[in-house]
Amino acid sequence: MVAQAANEGKPILIDFYADWCIPCKQIEKKLFTQPAIIEKSENFLALKADLTKEKSLGVKDLRMKYKVHGVPTIILIDGNGNERRRFTDELLKFSTEEFLEIMEGVLSTN
């Protein structure tokens, strides 16, 4: 899916999380349930990679490719396949509006 998105020039948002991760749940509640972010996410290939299921081939491959060492990790990749932003739990400090601006910045590089 990531390769297909890159071929189509579509940006990617990958959310690496785990069921037991409290900051992951806080980010989900604070940002990823907001209607404006959900709407903006439709312009991305949005992937959730559950690291509690790391043995799953797709999750393991994503984790290795993007050198993810822990959760939460949220990565924004532009339509050219370049990593534009990477966040861990510091994403909790961002408002909905700030994160929307970051997403828009990634979209504008296409």
# chains A, B, ... in the order shown; residues from 1 in each chain; ligands from 1
>>> closest_atom_pairs(of="region 23-67 of chain A", to="region 78-83 of chain A", cutoff="10 Å", atoms="only C-alpha atoms", output="CSV")
residue,atom,partner,partner_atom,distance
A:Phe44,CA,A:Gly79,CA,8.9
A:Leu45,CA,A:Gly79,CA,9.9
A:Tyr66,CA,A:Glu83,CA,8.9
>>> write_last_selection(atoms="N, CA and C atoms", output="PDB file, in the first residue's frame")
ATOM      1  N   PHE A  44      -4.829  11.682   2.509  1.00  0.00           N
ATOM      2  CA  PHE A  44      -3.659  10.853   2.786  1.00  0.00           C
ATOM      3  C   PHE A  44      -4.041   9.380   2.689  1.00  0.00           C
ATOM      4  N   LEU A  45      -3.049   8.535   2.443  1.00  0.00           N
ATOM      5  CA  LEU A  45      -3.215   7.124   2.734  1.00  0.00           C
ATOM      6  C   LEU A  45      -2.923   7.038   4.226  1.00  0.00           C
ATOM      7  N   TYR A  66      10.800   2.450   8.550  1.00  0.00           N
ATOM      8  CA  TYR A  66      10.800   3.811   9.087  1.00  0.00           C
ATOM      9  C   TYR A  66      11.552   3.932  10.411  1.00  0.00           C
TER      10      TYR A  66
END
>>> select_by_dssp(residues="region 18-69 of chain A", states="strand (DSSP E)", output="number ranges by chain")
A: 45-50
>>> residues_around(residues="region 91-93 of chain A", least_positions_apart="5", cutoff="9 Å", atoms="only C-alpha atoms", output="list in words")
Pro23, Gln26, Ile27, Lys30, Leu31, Ile74 and Phe99 of chain A
>>> write_last_selection(atoms="C-alpha atoms", output="PDB file, in the first residue's frame")
ATOM      1  CA  PRO A  23      -0.183   8.568  25.071  1.00  0.00           C
ATOM      2  CA  GLN A  26      -4.641  10.375  24.287  1.00  0.00           C
ATOM      3  CA  ILE A  27      -3.476  11.380  20.796  1.00  0.00           C
ATOM      4  CA  LYS A  30      -7.402  14.590  21.179  1.00  0.00           C
ATOM      5  CA  LEU A  31      -6.585  14.720  17.460  1.00  0.00           C
ATOM      6  CA  ILE A  74       3.275   9.332  13.866  1.00  0.00           C
ATOM      7  CA  PHE A  99      -1.803  19.686  13.360  1.00  0.00           C
TER       8      PHE A  99
END
>>> closest_residue(among="A:Glu54, A:Glu104, A:Glu97, A:Asp61", to="Pro35 (chain A)", atoms="only C-alpha atoms")
A:Glu97
>>> atom_distance(atom1="CA of Pro11 (chain A)", atom2="CA of Lys53 (chain A)")
24.5 Å
>>> atom_distance(atom1="CA of Ile38 (chain A)", atom2="CA of Leu57 (chain A)")
27.0 Å
>>> atom_distance(atom1="CA of Met103 (chain A)", atom2="CA of Trp20 (chain A)")
26.5 Å
>>> closest_residue(among="A:Lys29, A:Arg63, A:Val68, A:Ile12", to="Leu47 (chain A)", atoms="only C-alpha atoms")
A:Ile12
>>> closest_residue(among="A:Gln4, A:Thr52, A:Asn43, A:Thr73", to="Cys24 (chain A)", atoms="only C-alpha atoms")
A:Thr73
>>> closest_residue(among="A:Glu90, A:Glu101, A:Lys65, A:Glu42", to="Leu13 (chain A)", atoms="only C-alpha atoms")
A:Glu42
>>> select_by_dssp(residues="chain A", states="helix (DSSP H, G or I)", output="PyMOL selection string")
chain A and resi 2-8+22-32+35-41+51-53+57-65+89-93+96-107
>>> write_last_selection(atoms="C-alpha atoms", output="short mmCIF file (atom, residue, chain, number, x, y, z; two decimals), in the first residue's frame")
data_model
loop_
_atom_site.label_atom_id
_atom_site.label_comp_id
_atom_site.auth_asym_id
_atom_site.auth_seq_id
_atom_site.Cartn_x
_atom_site.Cartn_y
_atom_site.Cartn_z
CA VAL A 2 2.82 2.41 0.81
CA ALA A 3 4.49 1.72 -2.55
CA GLN A 4 1.17 2.19 -4.34
CA ALA A 5 0.60 5.53 -2.60
CA ALA A 6 4.11 6.64 -3.57
CA ASN A 7 3.49 5.64 -7.20
CA GLU A 8 0.25 7.64 -7.19
CA ILE A 22 -1.64 5.67 27.15
CA PRO A 23 -0.18 8.57 25.07
CA CYS A 24 -1.38 6.74 21.92
CA LYS A 25 -4.93 6.72 23.29
CA GLN A 26 -4.64 10.37 24.29
CA ILE A 27 -3.48 11.38 20.80
CA GLU A 28 -6.29 9.35 19.24
CA LYS A 29 -8.87 11.08 21.43
CA LYS A 30 -7.40 14.59 21.18
CA LEU A 31 -6.59 14.72 17.46
CA PHE A 32 -7.59 11.74 15.36
CA PRO A 35 -13.89 15.99 12.33
CA ALA A 36 -11.51 18.46 10.65
CA ILE A 37 -8.56 16.08 11.00
CA ILE A 38 -10.64 13.13 9.80
CA GLU A 39 -11.64 15.16 6.74
CA LYS A 40 -8.05 16.28 6.01
CA SER A 41 -6.85 12.68 6.47
CA LEU A 51 2.93 -2.70 17.43
CA THR A 52 1.26 -5.14 19.82
CA LYS A 53 0.94 -7.24 16.64
CA LEU A 57 4.63 -9.07 8.41
CA GLY A 58 3.24 -5.71 7.28
CA VAL A 59 3.68 -4.08 10.69
CA LYS A 60 7.21 -5.43 11.11
CA ASP A 61 8.18 -4.22 7.62
CA LEU A 62 6.79 -0.72 8.27
CA ARG A 63 8.54 -0.51 11.63
CA MET A 64 11.87 -1.53 10.10
CA LYS A 65 11.52 0.69 7.02
CA ASP A 89 4.12 11.91 22.42
CA GLU A 90 5.02 15.60 21.92
CA LEU A 91 2.11 15.60 19.45
CA LEU A 92 -0.12 15.97 22.52
CA LYS A 93 1.11 19.57 22.80
CA THR A 96 -6.15 20.55 16.22
CA GLU A 97 -5.45 23.70 14.21
CA GLU A 98 -1.67 23.30 14.51
CA PHE A 99 -1.80 19.69 13.36
CA LEU A 100 -4.09 20.66 10.46
CA GLU A 101 -1.49 23.24 9.37
CA ILE A 102 1.22 20.57 9.47
CA MET A 103 -0.94 18.22 7.41
CA GLU A 104 -1.64 21.01 4.92
CA GLY A 105 2.09 21.69 4.66
CA VAL A 106 2.69 18.07 3.67
CA LEU A 107 -0.15 18.20 1.14
#
